[in-house]
Amino acid sequence: MAAASMQAGMSRPTLLFVHGWAFDASVWAPLRAELQDSPQAVFDAGYFGPAREPAIAGPVIAIGHSLGVLRLLRELPQDCLGLVSINGFARFAAAPDFEAGVAPRVLERMARRLSSDPVAVLSDFRQRCGDGSDFGEPQLAPLARDLQALRDEDRREALAALPVPLLVLAGADDPIVPAPMTQAGFAGSADAAIRQCEGGGHLLPLSHAPWCAAQIRAFMARLAQAL
């Protein structure tokens, strides 16, 4: 969808939060609290309950975590002013021209196991991310669909043609999206501003919410200066 031009007197942009695989909208709670002075909307893929895709009127700054960035690269919200990637990527699985990605066989093995033991697959993945908290009843259909997207989807062309400014927030110690994967994945975006959080893992919205919020506020200020 078309990106919005920034015009004087426009309404304050809504921050749209889009979570990643195996999590839900609650992953954003600490970061949303840090940014509570801004209008907010939150997407939920329905992995553990009802799906939610909010309707937003007016300008938007889209903030994705992990798979949420891939989802946003499929189609930006209407009137999007900027995109923030947190622990994100435009392609996840390895390919001949993307050796930094995760081996497809790893994702295929997860997909086979998901149908028979979803709780174990989700627990293992979330613990690798650094989260051992409880979660709700898994909904297999959206989980399987989006695990397939992790294996198959490639949005690097969309990234290269991104019509809005991009901020990339990465964890220096991310076990899911390590630094070489971030560098390779965003190499096609000449204007991407990449910020690395020392000591940060794959759950920056939870573990380093104040740092993320400071980076996002600075990004918003730069967007406002473009008026």
# chains A, B, ... in the order shown; residues from 1 in each chain; ligands from 1

call {"tool": "residues_around", "arguments": {"residues": "range 92-97 of chain A", "least_positions_apart": "4", "cutoff": "8 Å", "atoms": "only C-alpha atoms", "output": "NGL selection string"}}
result
:A and (101-104 or 150-154)

call {"tool": "residues_around", "arguments": {"residues": "Arg195 in chain A", "least_positions_apart": "2", "cutoff": "8 Å", "atoms": "only C-alpha atoms", "output": "count of residues only"}}
result
6

call {"tool": "closest_atom_pairs", "arguments": {"of": "range 69-144 of chain A", "to": "range 156-164 of chain A", "cutoff": "10 Å", "atoms": "only C-alpha atoms", "output": "tab-separated table"}}
result
residue	atom	partner	partner_atom	distance
A:Leu70	CA	A:Arg156	CA	9.3
A:Leu72	CA	A:Ala158	CA	10.0
A:Leu73	CA	A:Ala158	CA	6.2
A:Arg74	CA	A:Ala158	CA	7.4
A:Glu75	CA	A:Ala158	CA	8.9
A:Leu76	CA	A:Leu162	CA	9.2
A:Cys80	CA	A:Val164	CA	7.4
A:Leu81	CA	A:Val164	CA	6.0
A:Gly82	CA	A:Val164	CA	5.0
A:Leu83	CA	A:Val164	CA	6.9
A:Phe89	CA	A:Arg156	CA	8.8
A:Ala90	CA	A:Arg156	CA	5.3
A:Arg91	CA	A:Arg156	CA	6.7

call {"tool": "write_last_selection", "arguments": {"atoms": "N, CA and C atoms", "output": "tab-separated table (two decimals), in the first residue's frame"}}
result
chain	number	residue	atom	x	y	z
A	70	LEU	N	8.77	-9.56	8.45
A	70	LEU	CA	8.46	-10.22	7.18
A	70	LEU	C	7.01	-9.98	6.80
A	72	LEU	N	5.11	-7.45	7.66
A	72	LEU	CA	4.92	-6.06	7.25
A	72	LEU	C	5.51	-5.78	5.87
A	73	LEU	N	6.59	-6.48	5.52
A	73	LEU	CA	7.17	-6.30	4.20
A	73	LEU	C	6.27	-6.84	3.09
A	74	ARG	N	5.38	-7.76	3.43
A	74	ARG	CA	4.39	-8.23	2.44
A	74	ARG	C	3.52	-7.07	1.99
A	75	GLU	N	3.09	-6.29	2.96
A	75	GLU	CA	2.21	-5.16	2.67
A	75	GLU	C	2.26	-4.18	3.83
A	76	LEU	N	2.78	-3.01	3.57
A	76	LEU	CA	2.80	-1.98	4.60
A	76	LEU	C	1.39	-1.47	4.86
A	80	CYS	N	1.63	4.51	5.84
A	80	CYS	CA	2.81	4.18	6.65
A	80	CYS	C	3.90	5.21	6.43
A	81	LEU	N	4.46	5.71	7.52
A	81	LEU	CA	5.52	6.71	7.47
A	81	LEU	C	6.91	6.12	7.64
A	82	GLY	N	7.01	4.98	8.30
A	82	GLY	CA	8.31	4.38	8.57
A	82	GLY	C	8.13	2.97	9.10
A	83	LEU	N	9.19	2.17	8.98
A	83	LEU	CA	9.19	0.78	9.43
A	83	LEU	C	10.33	0.57	10.42
A	89	PHE	N	13.91	-9.64	9.90
A	89	PHE	CA	14.56	-10.15	8.70
A	89	PHE	C	13.61	-10.03	7.52
A	90	ALA	N	14.21	-10.03	6.32
A	90	ALA	CA	13.43	-10.08	5.08
A	90	ALA	C	13.41	-11.48	4.50
A	91	ARG	N	14.33	-12.31	4.95
A	91	ARG	CA	14.35	-13.74	4.62
A	91	ARG	C	14.94	-14.46	5.82

call {"tool": "select_by_dssp", "arguments": {"residues": "range 28-223 of chain A", "states": "strand (DSSP E or B)", "output": "number ranges by chain"}}
result
A: 40-44, 52, 60-65, 80-86, 91, 93, 95, 98, 102, 154, 166-171, 193-197

call {"tool": "write_last_selection", "arguments": {"atoms": "C-alpha atoms", "output": "JSON list (two decimals), in the first residue's frame"}}
result
[["chain", "number", "residue", "atom", "x", "y", "z"],
["A", 40, "GLN", "CA", -0.94, 2.53, 19.62],
["A", 41, "ALA", "CA", -2.50, -0.46, 17.89],
["A", 42, "VAL", "CA", -1.48, -4.10, 18.17],
["A", 43, "PHE", "CA", -1.77, -7.04, 15.79],
["A", 44, "ASP", "CA", -2.20, -10.64, 16.97],
["A", 52, "ARG", "CA", -6.66, -9.44, 15.78],
["A", 60, "VAL", "CA", 1.25, 4.81, 11.01],
["A", 61, "ILE", "CA", 4.73, 3.79, 12.07],
["A", 62, "ALA", "CA", 4.92, 0.01, 11.75],
["A", 63, "ILE", "CA", 7.01, -1.88, 14.32],
["A", 64, "GLY", "CA", 7.66, -5.56, 13.72],
["A", 65, "HIS", "CA", 9.42, -8.19, 15.79],
["A", 80, "CYS", "CA", 2.81, 4.18, 6.65],
["A", 81, "LEU", "CA", 5.52, 6.71, 7.47],
["A", 82, "GLY", "CA", 8.31, 4.38, 8.57],
["A", 83, "LEU", "CA", 9.19, 0.78, 9.43],
["A", 84, "VAL", "CA", 11.01, -0.42, 12.54],
["A", 85, "SER", "CA", 12.53, -3.91, 12.49],
["A", 86, "ILE", "CA", 13.32, -5.46, 15.87],
["A", 91, "ARG", "CA", 14.35, -13.74, 4.62],
["A", 93, "ALA", "CA", 15.79, -19.63, 5.63],
["A", 95, "ALA", "CA", 19.36, -20.18, 0.17],
["A", 98, "PHE", "CA", 21.60, -16.23, 1.42],
["A", 102, "VAL", "CA", 18.68, -20.96, 8.93],
["A", 154, "ASP", "CA", 11.67, -14.00, 0.72],
["A", 166, "LEU", "CA", 13.75, 1.93, 7.92],
["A", 167, "LEU", "CA", 15.19, 1.48, 11.42],
["A", 168, "VAL", "CA", 16.78, -1.90, 12.22],
["A", 169, "LEU", "CA", 17.27, -2.85, 15.88],
["A", 170, "ALA", "CA", 19.34, -5.98, 16.44],
["A", 171, "GLY", "CA", 20.65, -7.89, 19.43],
["A", 193, "ALA", "CA", 19.83, 2.57, 9.93],
["A", 194, "ILE", "CA", 21.10, -0.49, 11.84],
["A", 195, "ARG", "CA", 21.46, -0.17, 15.62],
["A", 196, "GLN", "CA", 22.93, -3.04, 17.63],
["A", 197, "CYS", "CA", 22.10, -3.59, 21.29]]

call {"tool": "residues_around", "arguments": {"residues": "Gly46 in chain A", "least_positions_apart": "4", "cutoff": "10 Å", "atoms": "only C-alpha atoms", "output": "list in words"}}
result
Ala22, Phe23, Asp24, Ala25, Pro50, Ala51, Arg52, Glu53, Pro138, Gln139, Leu140, Ala141, Pro142 and Leu143 of chain A

call {"tool": "write_last_selection", "arguments": {"atoms": "C-alpha atoms", "output": "mmCIF file, in the first residue's frame"}}
result
data_model
loop_
_atom_site.group_PDB
_atom_site.id
_atom_site.type_symbol
_atom_site.label_atom_id
_atom_site.label_comp_id
_atom_site.auth_asym_id
_atom_site.auth_seq_id
_atom_site.Cartn_x
_atom_site.Cartn_y
_atom_site.Cartn_z
ATOM 1 C CA ALA A 22 5.401 -18.473 18.655
ATOM 2 C CA PHE A 23 4.511 -15.304 20.569
ATOM 3 C CA ASP A 24 1.479 -13.038 20.801
ATOM 4 C CA ALA A 25 0.658 -9.384 21.338
ATOM 5 C CA PRO A 50 -8.405 -14.943 18.619
ATOM 6 C CA ALA A 51 -6.533 -13.223 15.818
ATOM 7 C CA ARG A 52 -6.660 -9.440 15.778
ATOM 8 C CA GLU A 53 -5.856 -7.096 12.904
ATOM 9 C CA PRO A 138 -1.607 -23.563 20.578
ATOM 10 C CA GLN A 139 -3.677 -22.989 17.450
ATOM 11 C CA LEU A 140 -2.061 -25.243 14.862
ATOM 12 C CA ALA A 141 -3.344 -23.669 11.641
ATOM 13 C CA PRO A 142 -1.774 -20.196 12.001
ATOM 14 C CA LEU A 143 1.369 -21.614 13.604
#

call {"tool": "residues_around", "arguments": {"residues": "Ser66 in chain A", "least_positions_apart": "4", "cutoff": "6 Å", "atoms": "only C-alpha atoms", "output": "JSON, numbers by chain"}}
result
{"A": [20, 87, 88]}

call {"tool": "residues_around", "arguments": {"residues": "Ile176 in chain A", "least_positions_apart": "4", "cutoff": "8 Å", "atoms": "only C-alpha atoms", "output": "CSV table (one decimal) with C-alpha atoms, in the first residue's frame"}}
result
chain,number,residue,atom,x,y,z
A,128,ARG,CA,16.0,-20.6,22.6
A,129,CYS,CA,14.7,-17.1,22.4
A,202,HIS,CA,16.1,-12.2,20.3

call {"tool": "atom_distance", "arguments": {"atom1": "CA of Arg112 in chain A", "atom2": "CA of Trp21 in chain A"}}
result
16.2 Å
